[in-house]
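Trainee: Supplied structure: work00.cif, mmCIF, C-alpha atoms.
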```cif
data_protein
#
loop_
_atom_site.label_atom_id
_atom_site.label_comp_id
_atom_site.auth_asym_id
_atom_site.auth_seq_id
_atom_site.Cartn_x
_atom_site.Cartn_y
_atom_site.Cartn_z
CA MET A 1179 -0.80 19.51 28.88
CA VAL A 1180 -4.27 19.58 27.48
CA ARG A 1181 -7.77 20.77 28.06
CA GLN A 1182 -10.19 19.04 30.42
CA ARG A 1183 -11.12 15.63 29.11
CA ARG A 1184 -14.81 14.82 28.75
CA PRO A 1185 -16.51 12.11 30.86
CA SER A 1186 -15.39 8.49 30.52
CA PRO A 1187 -16.30 7.08 27.10
CA THR A 1188 -18.56 4.15 26.50
CA LEU A 1189 -17.17 0.83 25.26
CA ARG A 1190 -18.28 1.63 21.72
CA GLU A 1191 -16.54 4.99 21.85
CA ARG A 1192 -13.33 3.32 22.98
CA GLU A 1193 -13.22 1.39 19.70
CA THR A 1194 -13.04 4.59 17.66
CA THR A 1195 -9.93 6.54 16.77
CA VAL A 1196 -11.20 10.05 17.30
CA GLN A 1197 -14.31 11.27 19.13
CA ARG A 1198 -15.14 14.97 18.79
CA GLY A 1199 -11.48 15.91 18.47
CA VAL A 1200 -10.32 13.94 21.51
CA ARG A 1201 -8.74 10.54 21.01
CA VAL A 1202 -10.07 8.10 23.55
CA ALA A 1203 -8.46 5.29 25.49
CA ARG A 1204 -7.76 1.91 23.89
CA GLU A 1205 -5.59 -1.10 24.52
CA ARG A 1206 -1.88 -0.42 24.19
CA THR A 1207 0.21 -1.93 21.44
CA GLU A 1208 3.43 -3.75 22.27
CA ALA A 1209 5.43 -0.68 21.25
CA GLU A 1210 3.32 1.51 23.51
CA ARG A 1211 3.87 -0.86 26.41
CA GLN A 1212 7.61 -0.49 25.90
CA ILE A 1213 7.23 3.29 25.81
CA ALA A 1214 5.24 3.13 29.03
CA GLY A 1215 8.19 1.37 30.66
CA LEU A 1216 10.49 4.23 29.61
CA LEU A 1217 8.05 6.78 30.97
CA ASP A 1218 7.81 4.91 34.27
CA THR A 1219 11.61 5.09 34.45
CA ALA A 1220 11.54 8.84 33.89
CA ARG A 1221 8.96 9.38 36.63
CA ARG A 1222 10.76 7.10 39.06
CA LYS A 1223 14.20 8.64 38.52
CA LEU A 1224 12.93 12.22 38.61
CA ASP A 1225 10.24 11.62 41.26
CA LEU A 1226 7.61 13.50 39.24
CA SER A 1227 3.85 13.15 38.97
CA ALA A 1228 3.56 12.62 35.20
CA ALA A 1229 5.50 11.62 32.11
CA PHE A 1230 4.18 11.18 28.59
CA LEU A 1231 5.02 10.74 24.93
CA SER A 1232 3.27 13.29 22.76
CA ARG A 1233 2.72 12.97 19.04
CA ILE A 1234 2.36 16.17 17.07
CA ASP A 1235 0.85 16.18 13.59
CA GLU A 1236 -0.55 18.90 11.36
CA GLY A 1237 -3.52 19.73 13.56
CA THR A 1238 -3.35 17.75 16.78
CA ARG A 1239 -1.12 17.12 19.75
CA THR A 1240 -1.90 13.76 21.32
CA LEU A 1241 -0.50 12.31 24.52
CA GLN A 1242 -0.01 8.90 22.96
CA VAL A 1243 1.32 7.12 26.05
CA VAL A 1244 0.95 8.47 29.59
CA SER A 1245 2.38 7.47 32.96
CA ALA A 1246 0.75 9.69 35.55
CA ASP A 1247 -0.88 10.05 38.95
CA VAL A 1248 -2.83 13.04 37.63
CA PRO A 1249 -6.59 12.33 37.47
CA GLY A 1250 -7.96 12.20 33.92
CA LEU A 1251 -4.56 12.29 32.24
CA VAL A 1252 -4.59 9.08 30.17
CA ASP A 1253 -3.41 7.63 26.86
CA GLY A 1254 -5.05 9.40 23.95
CA TYR A 1255 -5.55 12.73 25.71
CA ALA A 1256 -5.57 15.21 22.82
CA GLY A 1257 -6.16 18.74 21.69
CA PRO A 1258 -5.01 21.35 19.15
CA ARG A 1259 -1.28 21.14 18.45
CA GLU A 1260 -0.69 24.64 19.86
CA ASP A 1261 -2.15 23.80 23.28
CA GLY A 1262 0.19 23.24 26.20
CA PHE A 1263 3.98 23.35 26.19
CA CYS A 1264 5.01 20.66 23.66
CA LEU A 1265 4.98 22.61 20.39
CA ALA A 1266 6.37 25.71 22.06
CA VAL A 1267 9.36 23.72 23.31
CA LEU A 1268 9.96 22.25 19.84
CA ASP A 1269 9.74 25.74 18.30
CA GLY A 1270 12.22 27.13 20.85
CA LEU A 1271 9.62 29.39 22.46
CA LEU A 1272 10.00 27.67 25.82
CA PRO A 1273 13.12 26.14 27.38
CA ARG A 1274 13.47 22.37 27.52
CA VAL A 1275 13.96 22.50 31.27
CA MET A 1276 11.82 24.70 33.51
CA PRO A 1277 12.61 24.12 37.21
CA ASP A 1278 9.50 26.15 38.08
CA VAL A 1279 7.02 27.10 35.36
CA ARG A 1280 5.89 30.10 37.42
CA ASP A 1281 9.23 31.75 36.65
CA VAL A 1282 8.63 31.62 32.86
CA PRO A 1283 5.94 34.19 31.88
CA ASP A 1284 5.25 32.65 28.46
CA ALA A 1285 4.77 29.24 30.11
CA VAL A 1286 2.35 30.73 32.62
CA ARG A 1287 0.26 32.06 29.71
CA ARG A 1288 0.24 28.58 28.15
CA MET A 1289 -0.62 26.74 31.36
CA PRO A 1290 -3.20 24.09 30.40
CA ALA A 1291 -6.65 24.41 31.88
CA GLY A 1292 -8.23 21.50 33.67
CA LEU A 1293 -5.04 20.25 35.33
CA PRO A 1294 -3.45 21.08 38.65
CA PRO A 1295 -0.83 23.85 38.37
CA ILE A 1296 2.40 22.50 36.86
CA ARG A 1297 5.65 23.37 38.57
CA GLY A 1298 8.73 21.62 37.20
CA HIS A 1299 8.72 20.62 33.51
CA VAL A 1300 11.26 18.94 31.20
CA SER A 1301 10.68 18.13 27.54
CA VAL A 1302 12.90 16.83 24.72
CA PRO A 1303 12.11 16.09 21.07
CA VAL A 1304 11.71 12.52 19.83
CA VAL A 1305 13.58 12.41 16.53
CA LEU A 1306 13.44 9.53 14.02
CA SER A 1307 16.38 8.27 12.00
CA ASP A 1308 15.60 10.49 9.01
CA GLY A 1309 15.54 13.62 11.18
CA THR A 1310 11.75 13.79 11.39
CA VAL A 1311 10.48 15.09 14.72
CA TYR A 1312 7.80 12.69 15.91
CA GLY A 1313 6.84 14.61 19.04
CA THR A 1314 8.14 15.10 22.55
CA PHE A 1315 9.11 13.04 25.58
CA CYS A 1316 7.99 15.03 28.62
CA ALA A 1317 7.74 14.89 32.38
CA PHE A 1318 6.32 17.36 34.87
CA GLY A 1319 5.83 17.81 38.56
CA LEU A 1320 3.08 19.37 40.62
CA ALA A 1321 3.29 21.25 43.87
CA GLY A 1322 5.25 19.09 46.31
CA ASP A 1323 7.28 17.34 43.61
CA PRO A 1324 11.02 18.05 43.40
CA GLU A 1325 12.12 20.69 40.95
CA VAL A 1326 13.67 19.51 37.72
CA SER A 1327 17.18 20.64 36.89
CA PRO A 1328 19.34 20.85 33.78
CA ARG A 1329 21.07 17.57 34.72
CA ASP A 1330 17.70 15.80 34.41
CA LEU A 1331 17.73 16.70 30.72
CA ALA A 1332 20.43 14.10 29.98
CA LEU A 1333 18.25 11.26 31.31
CA MET A 1334 15.26 12.46 29.29
CA GLU A 1335 17.36 12.67 26.12
CA VAL A 1336 18.54 9.08 26.53
CA LEU A 1337 15.00 7.87 27.14
CA ALA A 1338 13.70 9.87 24.16
CA GLU A 1339 16.30 8.22 21.91
CA ALA A 1340 15.17 4.80 23.15
CA ALA A 1341 11.56 5.78 22.51
CA ALA A 1342 12.41 6.79 18.94
CA LEU A 1343 13.88 3.33 18.27
CA VAL A 1344 10.70 1.71 19.55
CA ILE A 1345 8.37 4.04 17.63
CA GLU A 1346 10.05 4.11 14.23
CA PRO A 1347 8.95 0.69 12.87
CA GLN A 1348 5.31 1.52 13.55
CA VAL A 1349 5.70 4.96 12.00
CA ARG A 1350 7.15 3.42 8.84
CA ARG A 1351 4.28 0.92 8.71
CA GLU A 1352 1.79 3.75 9.05
CA GLN A 1353 3.49 5.66 6.25
CA LEU A 1354 3.50 2.59 4.02
CA HIS A 1355 -0.16 1.89 4.77
CA ALA A 1356 -1.05 5.50 3.99
CA GLU A 1357 0.81 5.30 0.68
CA ILE A 1358 -0.94 2.05 -0.26
CA ALA A 1359 -4.34 3.41 0.73
CA GLY A 1360 -3.67 6.57 -1.26
CA ARG A 1361 -3.09 4.52 -4.39
CA LEU A 1362 -5.78 1.91 -3.93
CA GLY A 1363 -8.58 4.09 -2.60
CA PRO A 1364 -9.34 6.03 -5.80
CA LEU A 1365 -8.98 2.90 -7.92
CA MET A 1366 -11.44 0.94 -5.81
CA ASP A 1367 -13.84 3.87 -5.72
CA ARG A 1368 -13.83 3.77 -9.54
CA GLY A 1369 -14.80 0.09 -9.52
CA GLY A 1370 -11.51 -1.76 -9.16
CA PRO A 1371 -8.81 -2.94 -11.53
CA ASP A 1372 -9.13 -3.39 -15.28
CA VAL A 1373 -9.78 -7.03 -16.13
CA VAL A 1374 -8.38 -8.68 -19.26
CA LEU A 1375 -8.62 -12.20 -20.61
CA GLN A 1376 -5.88 -14.60 -21.68
CA PRO A 1377 -6.89 -17.62 -23.78
CA ILE A 1378 -6.56 -21.19 -22.50
CA VAL A 1379 -6.33 -23.87 -25.19
CA ASP A 1380 -6.58 -27.59 -25.59
CA LEU A 1381 -2.98 -28.55 -26.29
CA ALA A 1382 -3.71 -31.42 -28.64
CA SER A 1383 -6.04 -29.50 -30.95
CA GLY A 1384 -4.89 -25.94 -30.35
CA THR A 1385 -8.48 -24.74 -29.94
CA ARG A 1386 -9.52 -22.28 -27.26
CA THR A 1387 -11.59 -23.78 -24.46
CA GLY A 1388 -11.62 -20.95 -21.94
CA ALA A 1389 -9.79 -17.87 -20.67
CA GLU A 1390 -8.32 -16.61 -17.44
CA ALA A 1391 -9.45 -13.23 -16.11
CA LEU A 1392 -6.43 -11.21 -15.02
CA SER A 1393 -6.36 -7.94 -13.11
CA ARG A 1394 -4.35 -5.02 -14.40
CA PHE A 1395 -3.26 -1.99 -12.41
CA PRO A 1396 -1.73 1.34 -13.50
CA THR A 1397 1.70 0.82 -15.05
CA GLU A 1398 3.14 3.72 -13.08
CA TRP A 1399 2.66 1.72 -9.89
CA ALA A 1400 5.41 -0.63 -11.13
CA ARG A 1401 3.89 -3.51 -9.18
CA THR A 1402 2.70 -6.90 -10.32
CA PRO A 1403 -0.94 -7.80 -9.51
CA ASP A 1404 0.04 -10.29 -6.81
CA VAL A 1405 2.01 -7.58 -5.03
CA VAL A 1406 -0.92 -5.15 -5.25
CA PHE A 1407 -3.33 -7.69 -3.79
CA ASP A 1408 -0.86 -8.48 -1.00
CA GLU A 1409 -0.55 -4.77 -0.21
CA ALA A 1410 -4.33 -4.44 -0.12
CA HIS A 1411 -4.56 -7.24 2.42
CA THR A 1412 -1.93 -5.57 4.64
CA ILE A 1413 -4.19 -2.53 5.05
CA GLY A 1414 -7.40 -4.52 5.44
CA GLU A 1415 -8.70 -3.83 1.93
CA GLY A 1416 -7.74 -7.13 0.32
CA ASP A 1417 -11.20 -8.68 0.38
CA ARG A 1418 -12.76 -5.58 -1.15
CA LEU A 1419 -10.17 -5.40 -3.93
CA GLU A 1420 -10.50 -9.10 -4.71
CA LEU A 1421 -14.30 -8.83 -4.84
CA LEU A 1422 -14.06 -5.91 -7.26
CA ALA A 1423 -11.72 -7.93 -9.47
CA LEU A 1424 -14.02 -10.93 -9.24
CA ALA A 1425 -17.02 -8.80 -10.20
CA GLY A 1426 -15.05 -7.45 -13.16
CA ALA A 1427 -14.29 -10.99 -14.30
CA ALA A 1428 -17.91 -12.05 -13.84
CA ALA A 1429 -19.07 -9.17 -16.03
CA LEU A 1430 -17.12 -10.68 -18.95
CA LEU A 1431 -19.00 -13.98 -18.91
CA GLY A 1432 -21.71 -12.56 -21.14
CA GLN A 1433 -19.17 -11.26 -23.66
CA VAL A 1434 -17.21 -14.44 -24.40
CA SER A 1435 -17.81 -18.12 -25.03
CA GLY A 1436 -16.23 -20.96 -23.10
CA TYR A 1437 -15.38 -20.88 -19.41
CA VAL A 1438 -13.75 -18.04 -17.50
CA SER A 1439 -11.16 -18.81 -14.87
CA MET A 1440 -11.27 -16.39 -11.93
CA ASN A 1441 -8.81 -15.92 -9.09
CA VAL A 1442 -9.65 -15.58 -5.42
CA SER A 1443 -7.70 -16.07 -2.21
CA PRO A 1444 -8.95 -18.59 0.35
CA GLN A 1445 -9.40 -15.74 2.82
CA THR A 1446 -11.72 -13.79 0.53
CA LEU A 1447 -13.63 -16.90 -0.52
CA LEU A 1448 -14.71 -17.35 3.11
CA THR A 1449 -16.47 -13.97 3.16
CA PRO A 1450 -20.27 -14.00 2.73
CA ALA A 1451 -20.01 -11.32 0.04
CA CYS A 1452 -17.79 -13.53 -2.11
CA ARG A 1453 -20.00 -16.56 -1.80
CA GLU A 1454 -23.05 -14.44 -2.62
CA LEU A 1455 -21.36 -13.05 -5.73
CA LEU A 1456 -20.35 -16.50 -6.96
CA ALA A 1457 -23.74 -18.02 -6.26
CA GLY A 1458 -25.31 -15.60 -8.74
CA LEU A 1459 -23.11 -16.70 -11.65
CA PRO A 1460 -23.59 -19.46 -14.24
CA LEU A 1461 -21.18 -21.67 -12.32
CA HIS A 1462 -20.90 -24.30 -15.04
CA ARG A 1463 -18.88 -21.68 -16.94
CA VAL A 1464 -16.65 -20.71 -14.01
CA VAL A 1465 -13.32 -22.18 -12.92
CA LEU A 1466 -12.28 -20.75 -9.58
CA GLU A 1467 -8.53 -20.58 -9.05
CA LEU A 1468 -7.39 -20.59 -5.45
CA SER A 1469 -4.52 -18.15 -5.23
CA GLU A 1470 -2.16 -17.75 -2.31
CA HIS A 1471 -2.49 -14.16 -1.11
CA SER A 1472 -3.00 -15.61 2.35
CA PRO A 1473 -2.53 -19.04 3.94
CA VAL A 1474 -5.43 -21.34 4.66
CA HIS A 1475 -5.97 -21.52 8.41
CA ASP A 1476 -9.24 -23.44 8.31
CA TYR A 1477 -9.55 -26.05 5.59
CA PRO A 1478 -12.88 -27.41 6.90
CA ALA A 1479 -14.40 -23.93 6.58
CA LEU A 1480 -12.97 -23.62 3.06
CA LEU A 1481 -14.44 -26.95 1.99
CA THR A 1482 -17.78 -26.01 3.50
CA ALA A 1483 -17.82 -22.75 1.53
CA LEU A 1484 -16.96 -24.56 -1.72
CA GLU A 1485 -19.38 -27.47 -1.39
CA PRO A 1486 -22.62 -25.77 -2.55
CA LEU A 1487 -20.79 -23.90 -5.31
CA ARG A 1488 -19.22 -27.05 -6.71
CA ALA A 1489 -22.56 -28.85 -6.45
CA ASP A 1490 -23.96 -26.14 -8.76
CA GLY A 1491 -21.25 -26.70 -11.38
CA LEU A 1492 -18.28 -24.64 -10.23
CA ARG A 1493 -14.93 -26.21 -11.06
CA LEU A 1494 -12.01 -25.67 -8.70
CA ALA A 1495 -8.42 -25.08 -9.82
CA ILE A 1496 -5.23 -24.87 -7.78
CA ASP A 1497 -2.85 -22.27 -9.16
CA ASP A 1498 0.97 -22.28 -9.34
CA VAL A 1499 1.36 -26.00 -8.69
CA GLY A 1500 5.02 -26.86 -8.39
CA ALA A 1501 6.03 -23.43 -7.10
CA GLY A 1502 5.69 -24.30 -3.41
CA PHE A 1503 4.40 -26.69 -0.80
CA SER A 1504 1.18 -24.83 -0.02
CA SER A 1505 -0.31 -25.52 -3.46
CA LEU A 1506 0.40 -29.24 -2.99
CA ARG A 1507 -1.48 -29.17 0.30
CA HIS A 1508 -4.37 -27.44 -1.47
CA ILE A 1509 -4.50 -30.34 -3.94
CA VAL A 1510 -4.52 -33.04 -1.29
CA THR A 1511 -7.15 -31.30 0.82
CA THR A 1512 -9.55 -29.80 -1.73
CA ALA A 1513 -9.54 -32.47 -4.51
CA PRO A 1514 -9.64 -29.90 -7.33
CA ASP A 1515 -10.89 -30.38 -10.87
CA VAL A 1516 -7.87 -28.62 -12.40
CA ILE A 1517 -4.27 -28.05 -11.45
CA LYS A 1518 -2.27 -25.33 -13.16
CA MET A 1519 1.38 -26.21 -13.66
CA ASP A 1520 3.56 -23.28 -12.67
CA ARG A 1521 5.67 -21.53 -15.28
CA SER A 1522 8.82 -22.39 -13.33
CA ILE A 1523 8.32 -25.99 -14.51
CA VAL A 1524 7.12 -25.17 -18.01
CA SER A 1525 9.79 -22.68 -19.05
CA GLY A 1526 12.63 -24.59 -20.71
CA LEU A 1527 11.32 -28.10 -20.07
CA ASP A 1528 11.96 -28.92 -23.75
CA THR A 1529 15.70 -28.75 -23.03
CA ASP A 1530 15.76 -29.76 -19.37
CA PRO A 1531 15.05 -33.47 -18.72
CA VAL A 1532 14.59 -32.84 -14.98
CA LEU A 1533 11.77 -30.36 -15.61
CA ALA A 1534 10.20 -32.72 -18.12
CA ARG A 1535 10.23 -35.58 -15.62
CA LEU A 1536 8.73 -33.32 -12.95
CA ALA A 1537 5.97 -32.30 -15.34
CA GLN A 1538 5.37 -35.94 -16.22
CA SER A 1539 5.04 -36.85 -12.54
CA LEU A 1540 2.48 -34.09 -11.96
CA VAL A 1541 0.47 -35.26 -14.95
CA ALA A 1542 0.51 -38.87 -13.76
CA PHE A 1543 -0.51 -37.80 -10.26
CA ALA A 1544 -3.34 -35.60 -11.54
CA HIS A 1545 -4.71 -37.99 -14.13
CA SER A 1546 -4.77 -40.83 -11.61
CA SER A 1547 -7.35 -38.76 -9.71
CA GLY A 1548 -9.25 -37.54 -12.78
CA VAL A 1549 -7.79 -34.03 -12.54
CA CYS A 1550 -7.12 -31.88 -15.62
CA VAL A 1551 -3.66 -30.30 -16.00
CA ILE A 1552 -3.12 -26.86 -17.57
CA ALA A 1553 0.40 -25.56 -18.15
CA GLU A 1554 1.00 -21.86 -17.55
CA GLY A 1555 3.55 -19.67 -19.28
CA VAL A 1556 3.83 -21.65 -22.53
CA GLU A 1557 5.88 -19.44 -24.84
CA THR A 1558 7.39 -21.69 -27.50
CA GLU A 1559 6.18 -24.39 -29.85
CA ALA A 1560 8.89 -26.67 -28.49
CA GLU A 1561 7.49 -26.34 -24.95
CA ARG A 1562 4.01 -27.00 -26.24
CA ALA A 1563 5.12 -30.10 -28.12
CA VAL A 1564 6.77 -31.67 -25.07
CA LEU A 1565 3.81 -30.78 -22.83
CA THR A 1566 1.45 -32.42 -25.32
CA ASP A 1567 3.59 -35.52 -25.46
CA LEU A 1568 3.57 -35.69 -21.66
CA GLY A 1569 -0.21 -35.66 -21.65
CA VAL A 1570 -0.81 -32.14 -20.36
CA ASP A 1571 -4.41 -31.25 -21.19
CA GLY A 1572 -4.37 -27.49 -21.65
CA GLY A 1573 -2.02 -24.58 -22.08
CA GLN A 1574 -1.89 -20.88 -21.43
CA GLY A 1575 0.81 -18.41 -22.38
CA TRP A 1576 2.07 -16.01 -24.97
CA LEU A 1577 2.27 -18.75 -27.58
CA PHE A 1578 -1.54 -18.78 -27.62
CA GLY A 1579 -2.22 -15.14 -26.92
CA ARG A 1580 -1.43 -12.33 -24.55
CA PRO A 1581 -3.98 -10.94 -22.09
CA GLY A 1582 -6.35 -8.52 -23.77
CA PRO A 1583 -9.89 -7.14 -23.91
CA ALA A 1584 -12.83 -9.51 -24.21
CA ASP A 1585 -13.78 -8.22 -27.65
CA VAL A 1586 -10.55 -9.53 -29.23
CA LEU A 1587 -10.80 -13.02 -27.73
CA VAL A 1588 -11.62 -15.64 -30.36
CA ASP A 1589 -14.62 -17.88 -29.84
CA ALA A 1590 -14.21 -21.07 -27.88
CA GLY A 1591 -13.58 -23.96 -30.25
CA THR A 1592 -11.54 -21.80 -32.62
CA ALA A 1593 -8.05 -23.08 -33.38
CA LEU A 1594 -5.32 -20.70 -32.20
CA VAL A 1595 -2.42 -22.92 -33.33
CA PRO A 1596 -2.17 -25.98 -35.58
CA PRO A 1597 -2.77 -29.35 -33.95
CA ALA A 1598 0.27 -30.63 -32.12
CA THR A 1599 2.42 -33.44 -33.44
CA ARG A 1600 3.91 -35.91 -31.03
CA PRO A 1601 7.68 -35.39 -30.73
CA VAL A 1602 10.29 -37.67 -29.26
CA ARG A 1603 9.85 -37.44 -25.48
CA ALA A 1604 12.38 -35.22 -23.72
CA GLY A 1605 14.69 -36.93 -21.29
#
```
Please, can you express the file's structure as structure tokens?
Mentor:
Amino acid sequence: MVRQRRPSPTLRERETTVQRGVRVARERTEAERQIAGLLDTARRKLDLSAAFLSRIDEGTRTLQVVSADVPGLVDGYAGPREDGFCLAVLDGLLPRVMPDVRDVPDAVRRMPAGLPPIRGHVSVPVVLSDGTVYGTFCAFGLAGDPEVSPRDLALMEVLAEAAALVIEPQVRREQLHAEIAGRLGPLMDRGGPDVVLQPIVDLASGTRTGAEALSRFPTEWARTPDVVFDEAHTIGEGDRLELLALAGAAALLGQVSGYVSMNVSPQTLLTPACRELLAGLPLHRVVLELSEHSPVHDYPALLTALEPLRADGLRLAIDDVGAGFSSLRHIVTTAPDVIKMDRSIVSGLDTDPVLARLAQSLVAFAHSSGVCVIAEGVETEAERAVLTDLGVDGGQGWLFGRPGPADVLVDAGTALVPPATRPVRAG
């Protein structure tokens, strides 16, 4: 029950969410197609002209899914939440079943303009599992349709419960997306995450050769950076957030010596904005780490994007090697300059012969192809000693320094720990 809808929208208008207060038609989601089936059932069983699912929010009442023979009454038909019968039924101002609207004075006063006169009307709330009222499940008849009766209410209640089960997953996704956007929006508007640097050292000499740029988010979020980036991608803001982090890392190149290792997902690397940003950097000082926020669907496109950058001096690293199969595929396909041994292999390899042998195999594989190996998460001198003995080239971890501001990072070539001695090989 709404006001007269304006003329049919153009194709461009159909792509928008709201046009001048009236939501326009668009392709139905799978959930909406299921709802449409329930509405068709209601119309067929009750022999009425229209049935619809309405969604009521703070300011608007929208007929989200419509099954009707009434001209102009389509999905997305919307107006102020007070218009029509829906809110009045929810508030108890109108009965759920009206065999003939003409017999209910308050309903007559609320009769929507722009539609044929409504006669029979039945409406029930759609209630989610937490008790939240989503909207209403309604059906109405015009002159010539049978009158609705109180027994029809039972059918509508069953169908409304089924509709709630279909709707709820999407509602929860919308709520989650809104929460994520509420957190990320202000941060991105301020320029993105804070970026800190963690030293990377040559294991044999203990001197710093480079640093990895790491994103940091508010501690009250209680989320690790990889989770935050994943959340950003779920709401379509992942590329923007990654580019802001990448720009923050690039800004530190002029403040430190040595190379800076920067993280980017394959998905974001394929965007023109990312390639433009990277092309403007002194690439001989950049190591680009391919992270795994999203899978690679098009390796040829990825290699094409990397080719001019690597020709200008960019070095490519594959992150978290040993933590899963995808990183191994990255190695085989992209022929990187660096592989970063995951902490799951490094932690405790001084006391675990199996981990030591796995690390040794990765080193042999990498060095046979001229690839440098950097161990992540090195926390003890014993781990460092075994890694050095196994031929691992570089190390990163708390043993050499925690992530911090650029102004506390020592110059490249400065020894962070004494040169390593060669221990008896583990295992």
Trainee: Using only C-alpha atoms, which residues sit within 9 Å of Asp1417 of chain A once same-chain residues fewer than 2 positions away are excluded, as an MDAnalysis selection string?
Mentor: chainID A and resid 1407 1410:1411 1414:1415 1419:1422 1443 1445:1447 1449 1452
Trainee: By how many Å are atom CA of Pro1403 of chain A and atom CA of Pro1364 of chain A apart?
Mentor: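 For atom CA of Pro1403 of chain A relative to atom CA of Pro1364 of chain A, the distance reads 16.6 Å.
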Trainee: The PyMOL selection byres ((chain A and resi 1577-1585) around 8) on the file shown: which residues, as a ChimeraX atom specification?
Mentor: /A:1373-1379,1392,1430,1433-1434,1556-1559,1574-1576,1586-1587,1594-1595
Trainee: Could you tell me which residues the PyMOL selection byres ((chain A and resi 1312) around 12) grabs in this file, written as a PyMOL selection string?
Mentor: chain A and resi 1231-1236+1239-1242+1264-1265+1268+1302-1311+1313-1315+1338-1339+1341-1346+1348-1350
Trainee: May I have the residues from that selection written out with C-alpha atoms, as a PDB file, in the coordinates of the input?
Mentor:
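Written output follows (again-v5.pdb):
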```pdb
ATOM      1  CA  LEU A1231       5.020  10.740  24.930  1.00  0.00           C
ATOM      2  CA  SER A1232       3.270  13.290  22.760  1.00  0.00           C
ATOM      3  CA  ARG A1233       2.720  12.970  19.040  1.00  0.00           C
ATOM      4  CA  ILE A1234       2.360  16.170  17.070  1.00  0.00           C
ATOM      5  CA  ASP A1235       0.850  16.180  13.590  1.00  0.00           C
ATOM      6  CA  GLU A1236      -0.550  18.900  11.360  1.00  0.00           C
ATOM      7  CA  ARG A1239      -1.120  17.120  19.750  1.00  0.00           C
ATOM      8  CA  THR A1240      -1.900  13.760  21.320  1.00  0.00           C
ATOM      9  CA  LEU A1241      -0.500  12.310  24.520  1.00  0.00           C
ATOM     10  CA  GLN A1242      -0.010   8.900  22.960  1.00  0.00           C
ATOM     11  CA  CYS A1264       5.010  20.660  23.660  1.00  0.00           C
ATOM     12  CA  LEU A1265       4.980  22.610  20.390  1.00  0.00           C
ATOM     13  CA  LEU A1268       9.960  22.250  19.840  1.00  0.00           C
ATOM     14  CA  VAL A1302      12.900  16.830  24.720  1.00  0.00           C
ATOM     15  CA  PRO A1303      12.110  16.090  21.070  1.00  0.00           C
ATOM     16  CA  VAL A1304      11.710  12.520  19.830  1.00  0.00           C
ATOM     17  CA  VAL A1305      13.580  12.410  16.530  1.00  0.00           C
ATOM     18  CA  LEU A1306      13.440   9.530  14.020  1.00  0.00           C
ATOM     19  CA  SER A1307      16.380   8.270  12.000  1.00  0.00           C
ATOM     20  CA  ASP A1308      15.600  10.490   9.010  1.00  0.00           C
ATOM     21  CA  GLY A1309      15.540  13.620  11.180  1.00  0.00           C
ATOM     22  CA  THR A1310      11.750  13.790  11.390  1.00  0.00           C
ATOM     23  CA  VAL A1311      10.480  15.090  14.720  1.00  0.00           C
ATOM     24  CA  GLY A1313       6.840  14.610  19.040  1.00  0.00           C
ATOM     25  CA  THR A1314       8.140  15.100  22.550  1.00  0.00           C
ATOM     26  CA  PHE A1315       9.110  13.040  25.580  1.00  0.00           C
ATOM     27  CA  ALA A1338      13.700   9.870  24.160  1.00  0.00           C
ATOM     28  CA  GLU A1339      16.300   8.220  21.910  1.00  0.00           C
ATOM     29  CA  ALA A1341      11.560   5.780  22.510  1.00  0.00           C
ATOM     30  CA  ALA A1342      12.410   6.790  18.940  1.00  0.00           C
ATOM     31  CA  LEU A1343      13.880   3.330  18.270  1.00  0.00           C
ATOM     32  CA  VAL A1344      10.700   1.710  19.550  1.00  0.00           C
ATOM     33  CA  ILE A1345       8.370   4.040  17.630  1.00  0.00           C
ATOM     34  CA  GLU A1346      10.050   4.110  14.230  1.00  0.00           C
ATOM     35  CA  GLN A1348       5.310   1.520  13.550  1.00  0.00           C
ATOM     36  CA  VAL A1349       5.700   4.960  12.000  1.00  0.00           C
ATOM     37  CA  ARG A1350       7.150   3.420   8.840  1.00  0.00           C
TER      38      ARG A1350
END
```
Trainee: Taking the file as I've supplied it (selection: the PyMOL selection byres ((chain A and resi 1545-1548) around 12)), which residues are included? Please answer as a JSON list (two decimals) with C-alpha atoms, in the frame of the given file.
Mentor:
```json
[["chain", "number", "residue", "atom", "x", "y", "z"],
["A", 1509, "ILE", "CA", -4.50, -30.34, -3.94],
["A", 1510, "VAL", "CA", -4.52, -33.04, -1.29],
["A", 1513, "ALA", "CA", -9.54, -32.47, -4.51],
["A", 1514, "PRO", "CA", -9.64, -29.90, -7.33],
["A", 1515, "ASP", "CA", -10.89, -30.38, -10.87],
["A", 1516, "VAL", "CA", -7.87, -28.62, -12.40],
["A", 1517, "ILE", "CA", -4.27, -28.05, -11.45],
["A", 1538, "GLN", "CA", 5.37, -35.94, -16.22],
["A", 1539, "SER", "CA", 5.04, -36.85, -12.54],
["A", 1540, "LEU", "CA", 2.48, -34.09, -11.96],
["A", 1541, "VAL", "CA", 0.47, -35.26, -14.95],
["A", 1542, "ALA", "CA", 0.51, -38.87, -13.76],
["A", 1543, "PHE", "CA", -0.51, -37.80, -10.26],
["A", 1544, "ALA", "CA", -3.34, -35.60, -11.54],
["A", 1549, "VAL", "CA", -7.79, -34.03, -12.54],
["A", 1550, "CYS", "CA", -7.12, -31.88, -15.62],
["A", 1551, "VAL", "CA", -3.66, -30.30, -16.00],
["A", 1552, "ILE", "CA", -3.12, -26.86, -17.57],
["A", 1568, "LEU", "CA", 3.57, -35.69, -21.66],
["A", 1569, "GLY", "CA", -0.21, -35.66, -21.65],
["A", 1570, "VAL", "CA", -0.81, -32.14, -20.36],
["A", 1571, "ASP", "CA", -4.41, -31.25, -21.19]]
```
